[in-house]
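Visitor: My structure is below; once you've seen it, I'll send some questions.
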Amino acid sequence: MSGLFNLFFVLFASIPAVFCFSTSSLQSSKLIQPHTQLHSTSFNLDFLSSLFAPTNSNNNNSQVQKQQQQLKQQLYQTCQSSYGKCTPTIRSKIEQLVSQLQPLNPTPSPSTSTLLQRKWIVLWTSEKEINFFLEKGISTQIEQTLSDGAVLENWIPFVRGGGFGVTGSINPAAVIDNNDDGGNTNSSLRTEFKFQSAKLDLGKWGTYNFPPVGEGWLDTVYLDEELRIDLNSRNDILICRGE
């Protein structure tokens, strides 16, 4: 009888996750608005200044890389100690670190970068439906795979076998749209997605398929060889480690 109870528990717990992976709210994220940084330039006729510019540039790059590593380590530690949890205090700390890393993003166009196309392990998310699986011990790892520039797969493996997942299509945003604040959303950060199917695998209890479950977008505000930070159309944060 307990096995049947657990079956229905996981079944009903999985249904809200369908809507967590999807979204019908296509408004701009209010968390940290992605933006294009504008750098002013000036023409300097001083030959000596231009002569020493490369040295200054190298020093600046070294400082930026050092700052990136320090902030990333702080973020990793916070994610590890807060895995599966999202209190206002935790989210505020995550937001502060993300806002500091965002302008240090080393990838000019994350939405079209090959770095994005791979399997990712979720280190932390504010999505309460996903955290439910972690808090209740149903799963210990959340996976997301982007491949071929066109496919998105989210997978929640269950500790006792089986799992829950959704599959859909992705496309980099084609244009720069006006956001609700009257500014511009940088399309080089944005990936639009549309889910097409969902599957709940309960092992010996059977596999259950769901119809298409919605669409939305994600803005990759930081991306390098090992770290990815997304803000999405549900005003949630997703922090992932590349595998």
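A note on labels: chains of the structure tokens are A, B, ... as shown, every chain counts residues from 1, and ligands are counted from 1 in their shown order.
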Give me every alpha helix (DSSP H) residue in stretch 126-208 of chain A, going by DSSP on the backbone, as an MDAnalysis selection string.

Guide: chainID A and resid 128:135

Visitor: Show me, as a list in words, the residues that have an atom within 7 Å of stretch 123-133 of chain A when counting only C-alpha atoms, minus same-chain residues fewer than 5 positions from it.

Guide: Pro16, Ala17, Cys20, Cys79, Tyr83, Gly84, Lys85, Cys86, Ile138, Ser139, Asp236, Ile237, Leu238, Ile239, Cys240 and Arg241 of chain A

Visitor: For A:Gln196, find every residue with an atom within 8 Å (counting only C-alpha atoms), except residues of its own chain fewer than 2 positions away, and show them as a PDB file with C-alpha atoms, in the first residue's frame.

Guide:
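Saved the output as part-v5.pdb:
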```pdb
ATOM      1  CA  VAL A 166      10.331  17.640 -20.746  1.00  0.00           C
ATOM      2  CA  THR A 167      11.593  18.163 -24.296  1.00  0.00           C
ATOM      3  CA  GLY A 168      11.222  21.156 -26.560  1.00  0.00           C
ATOM      4  CA  SER A 169      12.731  23.401 -29.207  1.00  0.00           C
ATOM      5  CA  LYS A 194       8.762  25.977 -26.619  1.00  0.00           C
ATOM      6  CA  ALA A 198       6.647  15.766 -21.053  1.00  0.00           C
ATOM      7  CA  PRO A 211       0.869  17.055 -24.013  1.00  0.00           C
ATOM      8  CA  PRO A 212       2.887  20.159 -24.974  1.00  0.00           C
ATOM      9  CA  VAL A 213       3.251  22.360 -21.924  1.00  0.00           C
ATOM     10  CA  GLY A 214       4.081  25.934 -22.904  1.00  0.00           C
TER      11      GLY A 214
END
```

Visitor: Near stretch 146-161 of chain A, within 9 Å and counting only C-alpha atoms, which residues show up once chain neighbours fewer than 2 positions away are dropped, as JSON, numbers by chain?

Guide: {"A": [21, 112, 114, 116, 117, 118, 119, 120, 130, 133, 137, 138, 139, 140, 141, 142, 143, 144, 163, 164, 165, 166, 167, 168, 169, 170, 171, 172, 193, 194, 195, 201, 202, 203]}

Visitor: Quick one, how far is atom CA of A:Phe210 from atom CA of A:Ser197?

Guide: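 One can read the atom CA of A:Phe210 to atom CA of A:Ser197 distance as 6.1 Å.
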
Visitor: From the set A:Ser82, A:Leu200, A:Gly206, A:Arg190, which residue has the shortest atom-to-atom contact distance to A:Ser233, counting only C-alpha atoms?

Guide: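 Selected residue with least distance to A:Ser233: A:Arg190.
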
Visitor: Within 10 Å of A:Thr220, counting only C-alpha atoms, which residues qualify if same-chain residues fewer than 4 places away don't, as an NGL selection string?

Guide: :A and (34 or 102 or 105 or 107 or 109-111 or 116 or 188-191 or 228-232 or 238-239)

Visitor: Would you compute the distance between atom CA of A:Pro103 and atom CA of A:Lys72? Give it in Å to one decimal.

Guide: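 Taking atom CA of A:Pro103 and atom CA of A:Lys72, their separation equals 13.2 Å.
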
Visitor: Suppose you want the space between atom CA of A:Ser99 and atom CA of A:Gln80; what is it in Å?

Guide: 18.8 Å

Visitor: Taking only C-alpha atoms into account, which of A:Asp219, A:Ser81, A:Gly162, A:Glu192 comes nearest A:Thr207?

Guide: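 So, comparing all the options, the nearest one is A:Gly162.
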
Visitor: From a DSSP pass on the backbone, collect the residues of stretch 36-240 of chain A flagged as strand (DSSP E or B) and hand them back as a ChimeraX atom specification.

Guide: /A:119-125,143-147,151-157,163-172,178,184,190-201,207-210,214-223,227-232,237-240
